[in-house]
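**Q** Quick one: structure below, then a few questions.
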Amino acid sequence: MIWGLLIIAIIVLDQVTKHLIPVGIDIEIIKGFFYITYCENRGAAFSILQNFRWGFIVITVIAVAAMIWVMILQKHVLARLSLSLLIGGALGNMIDRLFMGYVVDFFNFYPFGYDFAIFNVADISITIGVALLIIYILFIYKEPPKGKTSVAEEAEAGFPGSED
């Protein structure tokens, strides 16, 4: 239940912030470093794969279904947190693609004078989710011994820290 609420909170925060940004706005927040810039992104990260709208929607639906399945199997709190962040971010951007044909981005940074990608709340959620999932996989997840248990049996047994 808590994970579903987190997913909903991410989607709501993402959508609200996107709708608060006026079309065409470009406001300097920190001189030469941080701007709020309205941008319509018809691609993915760093604007790659432009105009692949329906492909992204199909991929998102499949990925979200797979992540929900893994969430059911994995009881560890870090696994579920990372997947919730990924699902919330993926659905936030998918809503934009579905209803507008593009994703609204607006956080615009220029670290060390370099024009970095423009991004949004959903992108932040996805990035944090990926980082936490990598930490979980590298340092926490234990693969069951071969031939001893199935993935479903391992999930039912739970993992350390698996209390909801």
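Residues are named by chain letter and number: chains run A, B, ... in the order of the structure tokens, numbers start at 1 in each chain, and ligands are numbered from 1 in the order shown.
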Excluding stretch 99-111 of chain A and its own-chain neighbours fewer than 5 positions away, which residues fall within 10 Å of it when counting only C-alpha atoms? Please give them as a PyMOL selection string.

**A** chain A and resi 14-15+17-19+21-23+25-44+50-54+92-94+116-124

**Q** What does the file look like for those residues with N, CA and C atoms, as a tab-separated table (two decimals), in the first residue's frame?

**A**
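Here's the written file result-v1.tsv:
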```tsv
chain	number	residue	atom	x	y	z
A	14	ASP	N	4.92	15.24	-10.28
A	14	ASP	CA	5.43	15.42	-11.64
A	14	ASP	C	4.44	16.19	-12.50
A	15	GLN	N	3.20	15.77	-12.50
A	15	GLN	CA	2.19	16.41	-13.36
A	15	GLN	C	1.89	17.84	-12.91
A	17	THR	N	3.89	19.94	-11.27
A	17	THR	CA	5.01	20.84	-11.61
A	17	THR	C	5.06	21.13	-13.10
A	18	LYS	N	4.77	20.15	-13.92
A	18	LYS	CA	4.79	20.37	-15.38
A	18	LYS	C	3.70	21.36	-15.79
A	19	HIS	N	2.55	21.29	-15.15
A	19	HIS	CA	1.45	22.20	-15.50
A	19	HIS	C	1.64	23.61	-14.93
A	21	ILE	N	4.51	25.21	-15.17
A	21	ILE	CA	5.52	25.86	-16.00
A	21	ILE	C	4.87	26.42	-17.25
A	22	PRO	N	4.85	27.75	-17.40
A	22	PRO	CA	4.24	28.35	-18.60
A	22	PRO	C	5.04	28.03	-19.87
A	23	VAL	N	4.34	27.82	-20.96
A	23	VAL	CA	4.98	27.57	-22.25
A	23	VAL	C	5.91	28.74	-22.58
A	25	ILE	N	8.63	29.73	-21.07
A	25	ILE	CA	9.34	30.40	-19.96
A	25	ILE	C	10.82	30.02	-19.95
A	26	ASP	N	11.66	30.96	-19.60
A	26	ASP	CA	13.10	30.73	-19.43
A	26	ASP	C	13.58	31.72	-18.37
A	27	ILE	N	13.57	31.29	-17.12
A	27	ILE	CA	13.90	32.16	-16.00
A	27	ILE	C	15.23	31.73	-15.39
A	28	GLU	N	16.12	32.67	-15.22
A	28	GLU	CA	17.40	32.39	-14.57
A	28	GLU	C	17.18	32.37	-13.05
A	29	ILE	N	17.50	31.25	-12.41
A	29	ILE	CA	17.35	31.11	-10.97
A	29	ILE	C	18.69	31.37	-10.28
A	30	ILE	N	19.73	30.72	-10.76
A	30	ILE	CA	21.10	30.95	-10.28
A	30	ILE	C	21.93	31.32	-11.50
A	31	LYS	N	22.42	32.54	-11.50
A	31	LYS	CA	23.10	33.11	-12.67
A	31	LYS	C	24.14	32.16	-13.27
A	32	GLY	N	23.94	31.86	-14.55
A	32	GLY	CA	24.86	31.03	-15.30
A	32	GLY	C	24.88	29.56	-14.92
A	33	PHE	N	23.97	29.13	-14.03
A	33	PHE	CA	24.01	27.75	-13.56
A	33	PHE	C	22.67	27.02	-13.63
A	34	PHE	N	21.59	27.66	-13.15
A	34	PHE	CA	20.30	26.98	-13.07
A	34	PHE	C	19.18	27.86	-13.58
A	35	TYR	N	18.38	27.30	-14.49
A	35	TYR	CA	17.26	28.00	-15.12
A	35	TYR	C	16.02	27.12	-15.05
A	36	ILE	N	14.87	27.75	-15.07
A	36	ILE	CA	13.60	27.05	-15.32
A	36	ILE	C	13.26	27.37	-16.77
A	37	THR	N	13.33	26.35	-17.61
A	37	THR	CA	13.16	26.52	-19.06
A	37	THR	C	12.13	25.53	-19.56
A	38	TYR	N	11.03	26.01	-20.12
A	38	TYR	CA	10.01	25.12	-20.68
A	38	TYR	C	10.57	24.47	-21.94
A	39	CYS	N	10.45	23.14	-22.01
A	39	CYS	CA	10.95	22.42	-23.18
A	39	CYS	C	10.03	21.23	-23.47
A	40	GLU	N	9.65	21.07	-24.72
A	40	GLU	CA	8.86	19.92	-25.15
A	40	GLU	C	9.81	18.88	-25.73
A	41	ASN	N	9.95	17.76	-25.04
A	41	ASN	CA	10.88	16.71	-25.45
A	41	ASN	C	10.09	15.58	-26.09
A	42	ARG	N	10.27	15.38	-27.37
A	42	ARG	CA	9.58	14.31	-28.10
A	42	ARG	C	10.41	13.04	-28.16
A	43	GLY	N	11.52	13.01	-27.43
A	43	GLY	CA	12.40	11.85	-27.39
A	43	GLY	C	12.54	11.31	-25.98
A	44	ALA	N	13.71	10.74	-25.72
A	44	ALA	CA	14.01	10.21	-24.38
A	44	ALA	C	15.10	11.08	-23.76
A	50	GLN	N	13.88	10.90	-31.13
A	50	GLN	CA	12.79	11.86	-31.35
A	50	GLN	C	11.63	11.20	-32.11
A	51	ASN	N	10.42	11.58	-31.77
A	51	ASN	CA	9.19	11.13	-32.43
A	51	ASN	C	8.98	9.62	-32.39
A	52	PHE	N	9.35	8.98	-31.31
A	52	PHE	CA	9.14	7.55	-31.09
A	52	PHE	C	8.05	7.37	-30.03
A	53	ARG	N	7.05	8.27	-30.07
A	53	ARG	CA	6.01	8.37	-29.04
A	53	ARG	C	5.37	7.03	-28.69
A	54	TRP	N	4.77	6.36	-29.66
A	54	TRP	CA	4.03	5.13	-29.37
A	54	TRP	C	4.97	4.00	-28.96
A	92	GLY	N	4.70	8.99	-14.99
A	92	GLY	CA	4.59	10.45	-15.12
A	92	GLY	C	4.93	10.91	-16.52
A	93	ASN	N	6.03	10.41	-17.06
A	93	ASN	CA	6.41	10.78	-18.43
A	93	ASN	C	5.49	10.16	-19.47
A	94	MET	N	4.99	8.94	-19.20
A	94	MET	CA	4.08	8.31	-20.15
A	94	MET	C	2.77	9.09	-20.28
A	116	PHE	N	23.81	20.99	-19.84
A	116	PHE	CA	23.36	19.66	-19.46
A	116	PHE	C	21.93	19.45	-19.95
A	117	ALA	N	21.44	18.23	-19.84
A	117	ALA	CA	20.07	17.91	-20.25
A	117	ALA	C	19.05	18.69	-19.42
A	118	ILE	N	17.92	19.01	-20.05
A	118	ILE	CA	16.78	19.59	-19.35
A	118	ILE	C	15.92	18.42	-18.90
A	119	PHE	N	15.44	18.45	-17.65
A	119	PHE	CA	14.71	17.31	-17.13
A	119	PHE	C	13.57	17.75	-16.23
A	120	ASN	N	12.85	16.77	-15.65
A	120	ASN	CA	11.67	17.05	-14.83
A	120	ASN	C	11.65	16.16	-13.59
A	121	VAL	N	10.59	16.25	-12.81
A	121	VAL	CA	10.46	15.47	-11.58
A	121	VAL	C	10.46	13.97	-11.87
A	122	ALA	N	9.78	13.54	-12.92
A	122	ALA	CA	9.76	12.12	-13.27
A	122	ALA	C	11.16	11.61	-13.57
A	123	ASP	N	11.94	12.41	-14.29
A	123	ASP	CA	13.32	12.03	-14.60
A	123	ASP	C	14.17	11.90	-13.34
A	124	ILE	N	13.97	12.80	-12.39
A	124	ILE	CA	14.69	12.73	-11.12
A	124	ILE	C	14.32	11.43	-10.39
```

**Q** Running DSSP on the backbone, which parts of chain A land in strand (DSSP E), as a list in words?

**A**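 Restricting chain A to strand (DSSP E) produces Asp26, Ile27, Glu28, Ile29, Ile30, Phe34, Tyr35, Ile36, Thr37, Tyr38, Cys39, Glu40, Asn41, Val103, Val104, Asp105, Phe106, Phe107, Asn108, Phe109, Ile118 and Phe119 of chain A.
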
**Q** Go through A:Leu78, A:Leu91, A:Val61, A:Ile11 and flag the residue nearest A:Gly129, using only C-alpha atoms for the distances.

**A**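 The answer is A:Leu78, which sits nearest to A:Gly129.
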
**Q** So how many Å separate atom CA of A:Ile7 and atom CA of A:Phe139, to one decimal?

**A**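 It comes out at 24.4 Å.
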
**Q** If you count only C-alpha atoms, which residues fall within 8 Å of A:Leu85, apart from same-chain ones fewer than 3 positions away, as number ranges by chain?

**A** A: 6-7, 10, 81-82, 88-89, 125-126, 128-129

**Q** Restricted to N, CA and C atoms, what would the selected residues look like written as an mmCIF file, in the first residue's frame?

**A**
```cif
data_model
loop_
_atom_site.group_PDB
_atom_site.id
_atom_site.type_symbol
_atom_site.label_atom_id
_atom_site.label_comp_id
_atom_site.auth_asym_id
_atom_site.auth_seq_id
_atom_site.Cartn_x
_atom_site.Cartn_y
_atom_site.Cartn_z
ATOM 1 N N LEU A 6 3.356 6.015 -2.803
ATOM 2 C CA LEU A 6 4.565 6.696 -3.279
ATOM 3 C C LEU A 6 4.510 6.893 -4.792
ATOM 4 N N ILE A 7 4.092 5.871 -5.515
ATOM 5 C CA ILE A 7 3.963 5.970 -6.975
ATOM 6 C C ILE A 7 2.987 7.082 -7.339
ATOM 7 N N ILE A 10 4.474 10.577 -6.661
ATOM 8 C CA ILE A 10 5.446 10.969 -7.690
ATOM 9 C C ILE A 10 4.723 11.443 -8.942
ATOM 10 N N LEU A 81 11.384 0.295 -2.866
ATOM 11 C CA LEU A 81 11.529 1.747 -2.974
ATOM 12 C C LEU A 81 12.055 2.126 -4.355
ATOM 13 N N SER A 82 13.105 1.454 -4.795
ATOM 14 C CA SER A 82 13.684 1.787 -6.098
ATOM 15 C C SER A 82 12.685 1.537 -7.225
ATOM 16 N N GLY A 88 6.790 5.294 -10.771
ATOM 17 C CA GLY A 88 6.189 6.627 -10.703
ATOM 18 C C GLY A 88 6.736 7.554 -11.770
ATOM 19 N N GLY A 89 8.053 7.553 -11.947
ATOM 20 C CA GLY A 89 8.667 8.398 -12.969
ATOM 21 C C GLY A 89 8.282 7.978 -14.376
ATOM 22 N N SER A 125 13.040 11.112 -10.373
ATOM 23 C CA SER A 125 12.566 9.899 -9.719
ATOM 24 C C SER A 125 13.177 8.658 -10.373
ATOM 25 N N ILE A 126 13.211 8.631 -11.695
ATOM 26 C CA ILE A 126 13.799 7.502 -12.423
ATOM 27 C C ILE A 126 15.289 7.375 -12.098
ATOM 28 N N ILE A 128 17.014 8.441 -9.439
ATOM 29 C CA ILE A 128 17.215 7.971 -8.064
ATOM 30 C C ILE A 128 16.834 6.493 -7.957
ATOM 31 N N GLY A 129 15.737 6.102 -8.613
ATOM 32 C CA GLY A 129 15.317 4.702 -8.605
ATOM 33 C C GLY A 129 16.371 3.780 -9.194
#
```

**Q** Please determine, counting only C-alpha atoms, which residue among A:Leu98, A:Ala79, A:Leu133, A:Glu143 has the shortest atom-to-atom distance to A:Trp3.

**A**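 Among the listed residues, the smallest separation from A:Trp3 belongs to A:Ala79.
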
**Q** In Å, with one decimal, what is the gap from atom CA of A:Ala90 to atom CA of A:Pro144?

**A**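 Calculated distance between atom CA of A:Ala90 and atom CA of A:Pro144 is 29.4 Å.
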
**Q** Identify, on the basis of only C-alpha atoms, every residue whose closest approach to A:Val64 does not exceed 9 Å; exclude the query and any residue fewer than 2 positions from it along the same chain; express the result as a list in words.

**A**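 Once the adjacent positions are removed, what remains is Ile59, Thr60, Val61, Ile62, Ala66, Met67, Ile68, Trp69, Leu86, Ile87, Ala90 and Leu91 of chain A.
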
**Q** Store the residues picked out above, limited to N, CA and C atoms, as a PDB file, in the first residue's frame.

**A**
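The resulting file, result35.pdb, is reproduced below:
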```
ATOM      1  N   ILE A  59       6.798   0.450 -24.647  1.00  0.00           N
ATOM      2  CA  ILE A  59       7.928   0.035 -23.812  1.00  0.00           C
ATOM      3  C   ILE A  59       7.646   0.344 -22.343  1.00  0.00           C
ATOM      4  N   THR A  60       7.060   1.506 -22.064  1.00  0.00           N
ATOM      5  CA  THR A  60       6.751   1.884 -20.682  1.00  0.00           C
ATOM      6  C   THR A  60       5.738   0.932 -20.061  1.00  0.00           C
ATOM      7  N   VAL A  61       4.689   0.596 -20.798  1.00  0.00           N
ATOM      8  CA  VAL A  61       3.671  -0.323 -20.274  1.00  0.00           C
ATOM      9  C   VAL A  61       4.303  -1.675 -19.941  1.00  0.00           C
ATOM     10  N   ILE A  62       5.133  -2.193 -20.836  1.00  0.00           N
ATOM     11  CA  ILE A  62       5.794  -3.484 -20.602  1.00  0.00           C
ATOM     12  C   ILE A  62       6.745  -3.388 -19.407  1.00  0.00           C
ATOM     13  N   ALA A  66       6.505  -5.366 -15.797  1.00  0.00           N
ATOM     14  CA  ALA A  66       7.614  -6.189 -15.309  1.00  0.00           C
ATOM     15  C   ALA A  66       8.068  -5.731 -13.923  1.00  0.00           C
ATOM     16  N   MET A  67       8.146  -4.417 -13.720  1.00  0.00           N
ATOM     17  CA  MET A  67       8.581  -3.901 -12.415  1.00  0.00           C
ATOM     18  C   MET A  67       7.569  -4.222 -11.323  1.00  0.00           C
ATOM     19  N   ILE A  68       6.286  -4.173 -11.650  1.00  0.00           N
ATOM     20  CA  ILE A  68       5.259  -4.544 -10.667  1.00  0.00           C
ATOM     21  C   ILE A  68       5.416  -6.019 -10.295  1.00  0.00           C
ATOM     22  N   TRP A  69       5.674  -6.860 -11.288  1.00  0.00           N
ATOM     23  CA  TRP A  69       5.873  -8.284 -11.027  1.00  0.00           C
ATOM     24  C   TRP A  69       7.077  -8.497 -10.103  1.00  0.00           C
ATOM     25  N   LEU A  86      10.984   4.203  -9.903  1.00  0.00           N
ATOM     26  CA  LEU A  86      11.041   3.963 -11.348  1.00  0.00           C
ATOM     27  C   LEU A  86       9.644   3.956 -11.973  1.00  0.00           C
ATOM     28  N   ILE A  87       8.718   3.268 -11.336  1.00  0.00           N
ATOM     29  CA  ILE A  87       7.350   3.186 -11.864  1.00  0.00           C
ATOM     30  C   ILE A  87       6.690   4.561 -11.873  1.00  0.00           C
ATOM     31  N   ALA A  90       8.297   6.676 -14.623  1.00  0.00           N
ATOM     32  CA  ALA A  90       7.938   6.176 -15.954  1.00  0.00           C
ATOM     33  C   ALA A  90       6.496   6.533 -16.307  1.00  0.00           C
ATOM     34  N   LEU A  91       5.587   6.361 -15.351  1.00  0.00           N
ATOM     35  CA  LEU A  91       4.181   6.685 -15.615  1.00  0.00           C
ATOM     36  C   LEU A  91       3.963   8.190 -15.758  1.00  0.00           C
TER      37      LEU A  91
END
```
